[in-house]
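For reference, the structure discussed in these notes is given below.
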Amino acid sequence: FSIPGSVSSDGFPAAEVNFIKPHKRPLSSVSPTIVTHVNMNDTVGLRVVAGAGGGPAIPSTVLQVLLNMLDEGNDVSLAVRSKRIFQQLSPDLVTVEEGFSESVVASLRDMGHVVLVTNQSIGHCSAVYQNDASPRQLSAASDQRDGGIASYGALFKLPKN
């Protein structure tokens, strides 16, 4: 929930849509994501499961991890560890984690963006990846930004087909 006149721990102003009211649930940007694909035997298979914490940075954290794996070809561990960037409409500021590509930071500034390089983490993500080459083998990573420990509701085993 937001409290009128307050600022979040991330430095963002309170959102009226999330003010405390009787019988109201807090809004969340939770973005659990499951990515499937058509695998080698023409059946739909699992590719990636990802989720994140980090308040307003959750959707962009999940997206950046997915892009790092699916577009850049990084393994799940590197994708989760990679530096992140975040922008929210208010305040009009682009935040990047320390160690992010200097050429990208310079390009953002050249385009007129106000850029803050921070030593604070932007979101924390856990992800599981399944490769076609080893369909019964899952690779997983949990973000060191949050201690590197994944949360789970239940353990599972892949069927033996």
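Identifiers in this document derive from the order of the structure tokens: chains are assigned A, B, ..., residues are numbered from 1 separately in each chain, and ligands are numbered from 1 in order of occurrence.
Once Leu116 of chain A and its same-chain neighbours fewer than 4 positions away are set aside, Val94, Thr95 and Val96 of chain A remain within 7 Å of it when counting only C-alpha atoms.
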Go ahead and save the residues from that selection, with N, CA, C and O atoms, as a PDB file, in the first residue's frame.
ATOM      1  N   VAL A  94      16.285   7.580 -15.591  1.00  0.00           N
ATOM      2  CA  VAL A  94      16.695   6.234 -15.981  1.00  0.00           C
ATOM      3  C   VAL A  94      17.761   5.795 -14.985  1.00  0.00           C
ATOM      4  O   VAL A  94      18.780   6.470 -14.818  1.00  0.00           O
ATOM      5  N   THR A  95      17.506   4.698 -14.305  1.00  0.00           N
ATOM      6  CA  THR A  95      18.453   4.177 -13.317  1.00  0.00           C
ATOM      7  C   THR A  95      19.145   2.952 -13.906  1.00  0.00           C
ATOM      8  O   THR A  95      18.476   2.073 -14.453  1.00  0.00           O
ATOM      9  N   VAL A  96      20.463   2.903 -13.802  1.00  0.00           N
ATOM     10  CA  VAL A  96      21.223   1.739 -14.278  1.00  0.00           C
ATOM     11  C   VAL A  96      22.135   1.254 -13.161  1.00  0.00           C
ATOM     12  O   VAL A  96      22.643   2.050 -12.370  1.00  0.00           O
TER      13      VAL A  96
END
Note to self: Which residues are close to Val104 of chain A, i.e. within 12 Å by only C-alpha atoms, leaving aside same-chain residues fewer than 4 positions away? Reply as JSON, numbers by chain.
What the structure shows: {"A": [83, 84, 85, 94, 95, 96, 97, 99, 100, 108, 109, 110, 111, 113, 115, 117]}
Notebook entry, point to check: Looking only at the backbone, which of the residues in segment 39-149 of chain A does DSSP tag as strand (DSSP E), as a PyMOL selection string?
Noted result: chain A and resi 44-53+85-88+93-97+115-118+124-130+138-142
Same residues, N, CA and C atoms, saved as a tab-separated table (two decimals), in the first residue's frame:
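As a result, again11.tsv now contains:
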chain	number	residue	atom	x	y	z
A	44	VAL	N	4.44	-28.79	-27.90
A	44	VAL	CA	4.73	-27.58	-27.13
A	44	VAL	C	5.48	-27.97	-25.88
A	45	GLY	N	6.60	-27.30	-25.65
A	45	GLY	CA	7.41	-27.61	-24.49
A	45	GLY	C	7.75	-26.36	-23.70
A	46	LEU	N	8.18	-26.59	-22.50
A	46	LEU	CA	8.61	-25.51	-21.62
A	46	LEU	C	9.94	-24.95	-22.11
A	47	ARG	N	10.10	-23.66	-22.06
A	47	ARG	CA	11.40	-23.03	-22.36
A	47	ARG	C	11.92	-22.33	-21.10
A	48	VAL	N	11.14	-21.41	-20.53
A	48	VAL	CA	11.60	-20.62	-19.38
A	48	VAL	C	10.44	-20.36	-18.43
A	49	VAL	N	10.75	-20.38	-17.14
A	49	VAL	CA	9.85	-19.89	-16.11
A	49	VAL	C	10.65	-18.85	-15.33
A	50	ALA	N	10.09	-17.64	-15.17
A	50	ALA	CA	10.82	-16.58	-14.46
A	50	ALA	C	9.86	-15.76	-13.63
A	51	GLY	N	10.37	-15.24	-12.55
A	51	GLY	CA	9.61	-14.34	-11.70
A	51	GLY	C	10.58	-13.47	-10.92
A	52	ALA	N	10.09	-12.34	-10.42
A	52	ALA	CA	10.98	-11.40	-9.76
A	52	ALA	C	10.29	-10.70	-8.61
A	53	GLY	N	11.10	-10.08	-7.78
A	53	GLY	CA	10.65	-9.17	-6.74
A	53	GLY	C	11.37	-7.86	-6.95
A	85	ILE	N	18.69	-2.13	-16.10
A	85	ILE	CA	18.31	-0.74	-16.30
A	85	ILE	C	16.84	-0.61	-15.95
A	86	PHE	N	16.45	0.56	-15.43
A	86	PHE	CA	15.05	0.76	-15.03
A	86	PHE	C	14.64	2.20	-15.27
A	87	GLN	N	13.43	2.39	-15.78
A	87	GLN	CA	12.87	3.73	-15.96
A	87	GLN	C	11.41	3.68	-15.59
A	88	GLN	N	11.00	4.66	-14.80
A	88	GLN	CA	9.60	4.79	-14.42
A	88	GLN	C	9.18	6.20	-14.81
A	93	LEU	N	13.51	9.57	-14.75
A	93	LEU	CA	14.89	9.22	-14.46
A	93	LEU	C	15.16	7.79	-14.94
A	94	VAL	N	16.28	7.58	-15.59
A	94	VAL	CA	16.69	6.23	-15.98
A	94	VAL	C	17.76	5.80	-14.98
A	95	THR	N	17.51	4.70	-14.31
A	95	THR	CA	18.45	4.18	-13.32
A	95	THR	C	19.14	2.95	-13.91
A	96	VAL	N	20.46	2.90	-13.80
A	96	VAL	CA	21.22	1.74	-14.28
A	96	VAL	C	22.13	1.25	-13.16
A	97	GLU	N	22.30	-0.05	-13.10
A	97	GLU	CA	23.19	-0.61	-12.09
A	97	GLU	C	24.63	-0.32	-12.46
A	115	VAL	N	20.27	10.20	-16.28
A	115	VAL	CA	20.68	8.83	-15.93
A	115	VAL	C	21.35	8.83	-14.56
A	116	LEU	N	20.89	7.92	-13.72
A	116	LEU	CA	21.49	7.72	-12.41
A	116	LEU	C	22.16	6.34	-12.41
A	117	VAL	N	23.46	6.32	-12.19
A	117	VAL	CA	24.17	5.05	-12.04
A	117	VAL	C	24.19	4.75	-10.55
A	118	THR	N	23.68	3.58	-10.17
A	118	THR	CA	23.52	3.26	-8.75
A	118	THR	C	24.23	1.97	-8.37
A	124	HIS	N	15.17	-8.41	-8.32
A	124	HIS	CA	15.87	-9.69	-8.12
A	124	HIS	C	14.98	-10.77	-8.73
A	125	CYS	N	15.62	-11.67	-9.47
A	125	CYS	CA	14.88	-12.62	-10.29
A	125	CYS	C	15.34	-14.05	-10.04
A	126	SER	N	14.42	-14.97	-10.18
A	126	SER	CA	14.75	-16.40	-10.22
A	126	SER	C	14.18	-16.93	-11.52
A	127	ALA	N	14.92	-17.83	-12.16
A	127	ALA	CA	14.47	-18.36	-13.45
A	127	ALA	C	14.89	-19.81	-13.60
A	128	VAL	N	14.10	-20.55	-14.38
A	128	VAL	CA	14.38	-21.94	-14.73
A	128	VAL	C	14.32	-22.03	-16.25
A	129	TYR	N	15.30	-22.74	-16.83
A	129	TYR	CA	15.41	-22.84	-18.29
A	129	TYR	C	15.50	-24.30	-18.69
A	130	GLN	N	14.80	-24.67	-19.76
A	130	GLN	CA	14.89	-26.02	-20.30
A	130	GLN	C	15.39	-25.94	-21.73
A	138	LEU	N	16.90	-29.38	-16.37
A	138	LEU	CA	16.55	-27.99	-16.14
A	138	LEU	C	17.76	-27.25	-15.58
A	139	SER	N	17.94	-26.02	-16.02
A	139	SER	CA	18.97	-25.14	-15.45
A	139	SER	C	18.23	-24.04	-14.71
A	140	ALA	N	18.73	-23.67	-13.54
A	140	ALA	CA	18.05	-22.65	-12.76
A	140	ALA	C	19.05	-21.69	-12.14
A	141	ALA	N	18.59	-20.48	-11.87
A	141	ALA	CA	19.43	-19.49	-11.20
A	141	ALA	C	18.55	-18.61	-10.33
A	142	SER	N	19.12	-18.20	-9.21
A	142	SER	CA	18.44	-17.27	-8.33
A	142	SER	C	19.39	-16.11	-8.08
Notebook entry, point to check: Could you work out how far atom CA of Pro91 of chain A lies from atom CA of Pro13 of chain A, giving the answer in Å with one decimal?
Noted result: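 That distance, rounded to one decimal, is 8.1 Å.
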Margin query: To one decimal place in Å, what is the distance between atom CA of Asp146 of chain A and atom CA of Ala14 of chain A?
Written below: 24.2 Å
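Here atom CA of Ser31 of chain A is placed at a distance of 15.9 Å from atom CA of Asp143 of chain A.
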Margin query: List as a PyMOL selection string the protein and nucleic acid residues near Leu70 of chain A, meaning an atom at most 10 Å away when only C-alpha atoms are counted, but skip any in the same chain fewer than 5 places from it.
Written below: chain A and resi 35+47-48+64-65+75-76+79
Note to self: DSSP on the backbone: which residues in segment 53-116 of chain A end up as helix (DSSP H, G or I)? Give the answer as a PyMOL selection string.
What the structure shows: chain A and resi 55-70+76-81+102-110
Item checked: Residue nearest Met69 of chain A among A:Ser101, A:Asn131, A:Ser8, A:Ser121 (counting only C-alpha atoms) -> A:Asn131
